[in-house]
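Structure record follows, encoded as structure tokens.
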Amino acid sequence: MRIRRKVLLPLLAMLIVLAGCTSDSSTEDAASEPTVQTNTADDDGGQEITLVEPEEGGSASKYEEYVVQTRLTEMHLFDGKTGMAWGLTRSALRMYLTENNGKNWTPLSPSEQVTFSNVPEYGKEVFFTDTKHGWIVRSAGIAEETLVLRTSDGGENWALATLGRTDELPAALSFSDNDRGWLLTTKTSSTAGREDKTLYRTLDGGESWNAVMRTASDSQPSGSGNPLPDIGYVSGIHFESDGSGYATTLELGRPALYRTKDAGRNWFKSSSFFQGGENPIGSCDAYVSGKPQAYETSAGSWVPVGCKQRENVQYHGYFTQNNGVAWKHAAFKLPAQESLNLQIAPVFIDRLKGWIPIGSQFYRTTDGGQNWKPLPKSDKLVENMKKYPEIFQVQFVTDQVGWILIGKTELRRSLLLQTLDGGVTWHVI
């Protein structure tokens, strides 16, 4: 099924057409009343941005500009000038793209008839390979199926597929190119510390999805003899085009990592990631297993691992240059992340260059985390973080350009800032 961004289509009618795991159609449905879900991230306020859209009924060269106020809670950068940001307004996903450093934005949002109960998270329910090709997973609700929305024209049209399941929630989403992708879903187990896991794969850009692995407690798809264990909780996945990849988990309270060489059918625990007789990062009250992070400007990836003690988290890093075959541990000599922002780990654009904000103070490394130097404090960032002390997200896409999304949850407000000099100064987008 294909829908235009401005066309309102009923979710019920869509699901009738989309029955089955590989269902898909190019016909549009007649309108009827949508099913409304309870929204836990509803907000009418937020940041003012300037939208640009073609005039209704006008030629493609005629555009109108108007200012809207929206709450942004997630964002993703593509390059030094291009990025997107999104949030929810009354269960409708509001997604926007800028190609000129935030001067103006164009809508990417799918139909409002596809409602969301929570803001989809990048790497879990949202993934884009470029500004044209993207995927959004709408979690299953009561008596509803998990939907996978896809676009190949920058959000002008969205097509839908369904997994045909109502009892699985998306845990991680990864695409290696515009055709090949993986979606890992989980279902809570009756036994503490365990979850049932299913890995779906697409070879046609998300038009169809097929299960390639289920945990040992369930029936196995053909060729999957050594699946991920049901013990442990998945935090993220990463795949390359050759089908090799890895998954990060928190297993019996400790970070663990599993590798696959056959597109996710079979998995083997890594012996070089958080392994050995001694604890590699010291005594901790609890551990944080971060998501895999691919480098922005070079090959390779890394995984942040946190040591939580009381209300602080000290981050370390595990780095790989061969998609998880071997890992190198780096102990970061950094102040601990505090209170509101315990989930904010460092970000790296390559094996050497990384940043982390501790409150309104940014630290930078140019030697892979061995040494971190505080950058001069930005007056604009300090001023705004007094009002919005929570950090929702940080991303750098070059050694000069980065974004930070800050806010205050209780006020349902957020603010997006940008740096063009490597984190020294910041300005509101």
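Residue numbers start at 1 in each chain; chains themselves are named A, B, ... in the order of the structure tokens; ligands are numbered from 1 in the order shown.
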| said: For region 306-308 of chain A, find every residue with an atom within 9 Å (counting only C-alpha atoms), except residues of its own chain fewer than 2 positions away, and show them as a VMD selection string. | reply: chain A and resid 281 to 290 304 310 to 317 342 to 343 345
Same residues, N, CA, C and O atoms, saved as a PDB file, in the first residue's frame:
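Writing done, so here's result.pdb:
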```pdb
ATOM      1  N   ILE A 281      36.081  -3.272  33.618  1.00  0.00           N
ATOM      2  CA  ILE A 281      35.827  -1.860  33.921  1.00  0.00           C
ATOM      3  C   ILE A 281      35.602  -1.614  35.410  1.00  0.00           C
ATOM      4  O   ILE A 281      35.131  -0.558  35.798  1.00  0.00           O
ATOM      5  N   GLY A 282      35.943  -2.570  36.264  1.00  0.00           N
ATOM      6  CA  GLY A 282      35.882  -2.349  37.699  1.00  0.00           C
ATOM      7  C   GLY A 282      34.551  -2.730  38.323  1.00  0.00           C
ATOM      8  O   GLY A 282      33.624  -3.171  37.658  1.00  0.00           O
ATOM      9  N   SER A 283      34.469  -2.529  39.618  1.00  0.00           N
ATOM     10  CA  SER A 283      33.273  -2.885  40.378  1.00  0.00           C
ATOM     11  C   SER A 283      32.178  -1.846  40.158  1.00  0.00           C
ATOM     12  O   SER A 283      32.418  -0.635  40.275  1.00  0.00           O
ATOM     13  N   CYS A 284      30.962  -2.317  39.849  1.00  0.00           N
ATOM     14  CA  CYS A 284      29.853  -1.426  39.523  1.00  0.00           C
ATOM     15  C   CYS A 284      28.579  -1.897  40.213  1.00  0.00           C
ATOM     16  O   CYS A 284      28.389  -3.097  40.445  1.00  0.00           O
ATOM     17  N   ASP A 285      27.691  -0.963  40.526  1.00  0.00           N
ATOM     18  CA  ASP A 285      26.373  -1.331  41.036  1.00  0.00           C
ATOM     19  C   ASP A 285      25.545  -1.996  39.939  1.00  0.00           C
ATOM     20  O   ASP A 285      24.747  -2.888  40.204  1.00  0.00           O
ATOM     21  N   ALA A 286      25.724  -1.516  38.715  1.00  0.00           N
ATOM     22  CA  ALA A 286      25.041  -2.078  37.549  1.00  0.00           C
ATOM     23  C   ALA A 286      25.820  -1.663  36.309  1.00  0.00           C
ATOM     24  O   ALA A 286      26.662  -0.760  36.354  1.00  0.00           O
ATOM     25  N   TYR A 287      25.540  -2.347  35.191  1.00  0.00           N
ATOM     26  CA  TYR A 287      26.219  -2.036  33.939  1.00  0.00           C
ATOM     27  C   TYR A 287      25.224  -1.495  32.913  1.00  0.00           C
ATOM     28  O   TYR A 287      24.035  -1.811  32.957  1.00  0.00           O
ATOM     29  N   VAL A 288      25.735  -0.681  32.000  1.00  0.00           N
ATOM     30  CA  VAL A 288      24.940  -0.149  30.896  1.00  0.00           C
ATOM     31  C   VAL A 288      25.491  -0.727  29.601  1.00  0.00           C
ATOM     32  O   VAL A 288      26.685  -0.580  29.307  1.00  0.00           O
ATOM     33  N   SER A 289      24.639  -1.415  28.854  1.00  0.00           N
ATOM     34  CA  SER A 289      25.037  -1.954  27.550  1.00  0.00           C
ATOM     35  C   SER A 289      24.527  -1.021  26.470  1.00  0.00           C
ATOM     36  O   SER A 289      23.320  -0.922  26.244  1.00  0.00           O
ATOM     37  N   GLY A 290      25.432  -0.302  25.806  1.00  0.00           N
ATOM     38  CA  GLY A 290      25.037   0.683  24.817  1.00  0.00           C
ATOM     39  C   GLY A 290      24.718   0.077  23.464  1.00  0.00           C
ATOM     40  O   GLY A 290      24.951  -1.109  23.210  1.00  0.00           O
ATOM     41  N   PRO A 304      29.491   1.730  23.402  1.00  0.00           N
ATOM     42  CA  PRO A 304      29.736   2.261  24.745  1.00  0.00           C
ATOM     43  C   PRO A 304      29.251   1.284  25.810  1.00  0.00           C
ATOM     44  O   PRO A 304      28.202   0.654  25.661  1.00  0.00           O
ATOM     45  N   ARG A 310      25.734   4.311  42.112  1.00  0.00           N
ATOM     46  CA  ARG A 310      24.731   5.225  42.656  1.00  0.00           C
ATOM     47  C   ARG A 310      24.039   5.959  41.510  1.00  0.00           C
ATOM     48  O   ARG A 310      23.437   5.337  40.655  1.00  0.00           O
ATOM     49  N   GLU A 311      24.146   7.283  41.469  1.00  0.00           N
ATOM     50  CA  GLU A 311      23.451   8.047  40.425  1.00  0.00           C
ATOM     51  C   GLU A 311      24.421   8.593  39.381  1.00  0.00           C
ATOM     52  O   GLU A 311      24.151   9.627  38.755  1.00  0.00           O
ATOM     53  N   ASN A 312      25.542   7.888  39.163  1.00  0.00           N
ATOM     54  CA  ASN A 312      26.514   8.293  38.158  1.00  0.00           C
ATOM     55  C   ASN A 312      26.833   7.119  37.240  1.00  0.00           C
ATOM     56  O   ASN A 312      26.747   5.961  37.644  1.00  0.00           O
ATOM     57  N   VAL A 313      27.198   7.425  36.005  1.00  0.00           N
ATOM     58  CA  VAL A 313      27.638   6.397  35.062  1.00  0.00           C
ATOM     59  C   VAL A 313      28.972   6.809  34.466  1.00  0.00           C
ATOM     60  O   VAL A 313      29.111   7.915  33.922  1.00  0.00           O
ATOM     61  N   GLN A 314      29.962   5.935  34.594  1.00  0.00           N
ATOM     62  CA  GLN A 314      31.277   6.141  33.981  1.00  0.00           C
ATOM     63  C   GLN A 314      31.342   5.316  32.706  1.00  0.00           C
ATOM     64  O   GLN A 314      31.186   4.093  32.746  1.00  0.00           O
ATOM     65  N   TYR A 315      31.571   5.971  31.569  1.00  0.00           N
ATOM     66  CA  TYR A 315      31.551   5.266  30.287  1.00  0.00           C
ATOM     67  C   TYR A 315      32.942   4.794  29.869  1.00  0.00           C
ATOM     68  O   TYR A 315      33.943   5.460  30.103  1.00  0.00           O
ATOM     69  N   HIS A 316      32.963   3.611  29.241  1.00  0.00           N
ATOM     70  CA  HIS A 316      34.124   3.029  28.587  1.00  0.00           C
ATOM     71  C   HIS A 316      33.709   2.704  27.149  1.00  0.00           C
ATOM     72  O   HIS A 316      32.532   2.812  26.798  1.00  0.00           O
ATOM     73  N   GLY A 317      34.681   2.289  26.336  1.00  0.00           N
ATOM     74  CA  GLY A 317      34.367   1.965  24.951  1.00  0.00           C
ATOM     75  C   GLY A 317      34.994   0.665  24.493  1.00  0.00           C
ATOM     76  O   GLY A 317      36.075   0.283  24.962  1.00  0.00           O
ATOM     77  N   LEU A 342      22.126  10.221  32.406  1.00  0.00           N
ATOM     78  CA  LEU A 342      22.917   9.000  32.548  1.00  0.00           C
ATOM     79  C   LEU A 342      23.035   8.225  31.248  1.00  0.00           C
ATOM     80  O   LEU A 342      23.999   7.490  31.027  1.00  0.00           O
ATOM     81  N   GLN A 343      22.041   8.371  30.349  1.00  0.00           N
ATOM     82  CA  GLN A 343      22.035   7.594  29.108  1.00  0.00           C
ATOM     83  C   GLN A 343      22.890   8.211  28.013  1.00  0.00           C
ATOM     84  O   GLN A 343      23.061   7.609  26.949  1.00  0.00           O
ATOM     85  N   ALA A 345      26.028   8.787  26.235  1.00  0.00           N
ATOM     86  CA  ALA A 345      27.384   8.261  26.093  1.00  0.00           C
ATOM     87  C   ALA A 345      28.172   9.131  25.109  1.00  0.00           C
ATOM     88  O   ALA A 345      27.598   9.983  24.424  1.00  0.00           O
TER      89      ALA A 345
END
```
| said: DSSP on the backbone, strand (DSSP E) only: what residues of region 192-301 of chain A does that give? Format it as number ranges by chain. | reply: A: 195-202, 210-214, 233-239, 245-251, 254-260, 268-269, 286-289, 293-294, 301
Set out as a tab-separated table a contact list for region 323-406 of chain A and region 69-81 of chain A with a cut-off of 9 Å, giving each residue of region 323-406 of chain A that qualifies its closest atom pair and distance in Å to one decimal, counting only C-alpha atoms, ordered by chain and rising residue number.
```
residue	atom	partner	partner_atom	distance
A:Phe392	CA	A:Thr73	CA	6.6
A:Gln393	CA	A:Glu74	CA	6.9
A:Val394	CA	A:Met75	CA	8.6
A:Gln395	CA	A:Leu77	CA	7.0
A:Phe396	CA	A:Leu77	CA	7.7
A:Val397	CA	A:Asp79	CA	5.8
A:Thr398	CA	A:Gly80	CA	6.6
A:Gln400	CA	A:Gly80	CA	8.2
A:Val401	CA	A:Gly80	CA	5.7
A:Gly402	CA	A:Gly80	CA	7.9
A:Trp403	CA	A:Leu77	CA	7.9
A:Ile404	CA	A:Met75	CA	8.8
A:Leu405	CA	A:Thr73	CA	7.3
A:Ile406	CA	A:Thr73	CA	8.4
```
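With only C-alpha atoms as the atoms that count, the minimum distance from Gly123 (chain A) to the choices A:Gly83, A:Pro170, A:Gly155, A:Gly423 is reached by A:Pro170.
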Pick out the residues sitting within 10 Å of Pro374 (chain A), and hand them over as a PDB file with N, CA, C and O atoms, in the first residue's frame; count only C-alpha atoms, and ignore anything fewer than 3 positions along from it in its own chain.
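Result written to result.pdb:
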```
ATOM      1  N   LEU A 334      37.222  10.182  31.986  1.00  0.00           N
ATOM      2  CA  LEU A 334      36.208  11.228  31.899  1.00  0.00           C
ATOM      3  C   LEU A 334      35.498  11.399  33.230  1.00  0.00           C
ATOM      4  O   LEU A 334      35.403  10.444  34.014  1.00  0.00           O
ATOM      5  N   TRP A 355      33.258  13.057  21.195  1.00  0.00           N
ATOM      6  CA  TRP A 355      32.778  14.119  22.077  1.00  0.00           C
ATOM      7  C   TRP A 355      31.811  13.541  23.099  1.00  0.00           C
ATOM      8  O   TRP A 355      31.169  12.512  22.854  1.00  0.00           O
ATOM      9  N   ILE A 356      31.685  14.226  24.231  1.00  0.00           N
ATOM     10  CA  ILE A 356      30.630  13.926  25.195  1.00  0.00           C
ATOM     11  C   ILE A 356      30.312  15.194  25.974  1.00  0.00           C
ATOM     12  O   ILE A 356      31.222  15.922  26.382  1.00  0.00           O
ATOM     13  N   PRO A 357      29.012  15.494  26.178  1.00  0.00           N
ATOM     14  CA  PRO A 357      28.648  16.601  27.068  1.00  0.00           C
ATOM     15  C   PRO A 357      28.400  16.070  28.482  1.00  0.00           C
ATOM     16  O   PRO A 357      27.682  15.089  28.677  1.00  0.00           O
ATOM     17  N   ILE A 358      29.020  16.685  29.462  1.00  0.00           N
ATOM     18  CA  ILE A 358      28.728  16.428  30.869  1.00  0.00           C
ATOM     19  C   ILE A 358      28.054  17.698  31.383  1.00  0.00           C
ATOM     20  O   ILE A 358      28.718  18.704  31.617  1.00  0.00           O
ATOM     21  N   GLN A 361      29.073  21.203  29.761  1.00  0.00           N
ATOM     22  CA  GLN A 361      30.502  21.165  29.439  1.00  0.00           C
ATOM     23  C   GLN A 361      30.795  20.050  28.444  1.00  0.00           C
ATOM     24  O   GLN A 361      30.532  18.878  28.717  1.00  0.00           O
ATOM     25  N   PHE A 362      31.321  20.400  27.269  1.00  0.00           N
ATOM     26  CA  PHE A 362      31.710  19.401  26.283  1.00  0.00           C
ATOM     27  C   PHE A 362      33.170  19.003  26.471  1.00  0.00           C
ATOM     28  O   PHE A 362      34.029  19.847  26.730  1.00  0.00           O
ATOM     29  N   TYR A 363      33.440  17.700  26.318  1.00  0.00           N
ATOM     30  CA  TYR A 363      34.794  17.158  26.304  1.00  0.00           C
ATOM     31  C   TYR A 363      35.046  16.539  24.934  1.00  0.00           C
ATOM     32  O   TYR A 363      34.138  15.979  24.317  1.00  0.00           O
ATOM     33  N   ARG A 364      36.315  16.613  24.482  1.00  0.00           N
ATOM     34  CA  ARG A 364      36.664  16.082  23.169  1.00  0.00           C
ATOM     35  C   ARG A 364      37.941  15.244  23.267  1.00  0.00           C
ATOM     36  O   ARG A 364      38.849  15.561  24.033  1.00  0.00           O
ATOM     37  N   THR A 365      37.966  14.155  22.486  1.00  0.00           N
ATOM     38  CA  THR A 365      39.172  13.339  22.364  1.00  0.00           C
ATOM     39  C   THR A 365      39.589  13.260  20.904  1.00  0.00           C
ATOM     40  O   THR A 365      38.743  13.268  20.004  1.00  0.00           O
ATOM     41  N   LYS A 377      33.556  26.693  27.402  1.00  0.00           N
ATOM     42  CA  LYS A 377      32.107  26.635  27.560  1.00  0.00           C
ATOM     43  C   LYS A 377      31.421  27.626  26.621  1.00  0.00           C
ATOM     44  O   LYS A 377      31.868  28.763  26.464  1.00  0.00           O
ATOM     45  N   VAL A 424      32.818  24.085  20.171  1.00  0.00           N
ATOM     46  CA  VAL A 424      33.264  25.235  20.949  1.00  0.00           C
ATOM     47  C   VAL A 424      32.107  26.214  21.186  1.00  0.00           C
ATOM     48  O   VAL A 424      31.873  26.669  22.313  1.00  0.00           O
TER      49      VAL A 424
END
```
| Out of A:Leu352, A:Phe268, A:Lys103, A:Pro229, which residue has the shortest atom-to-atom distance to Gln370 (chain A) when counting only C-alpha atoms? | A:Leu352
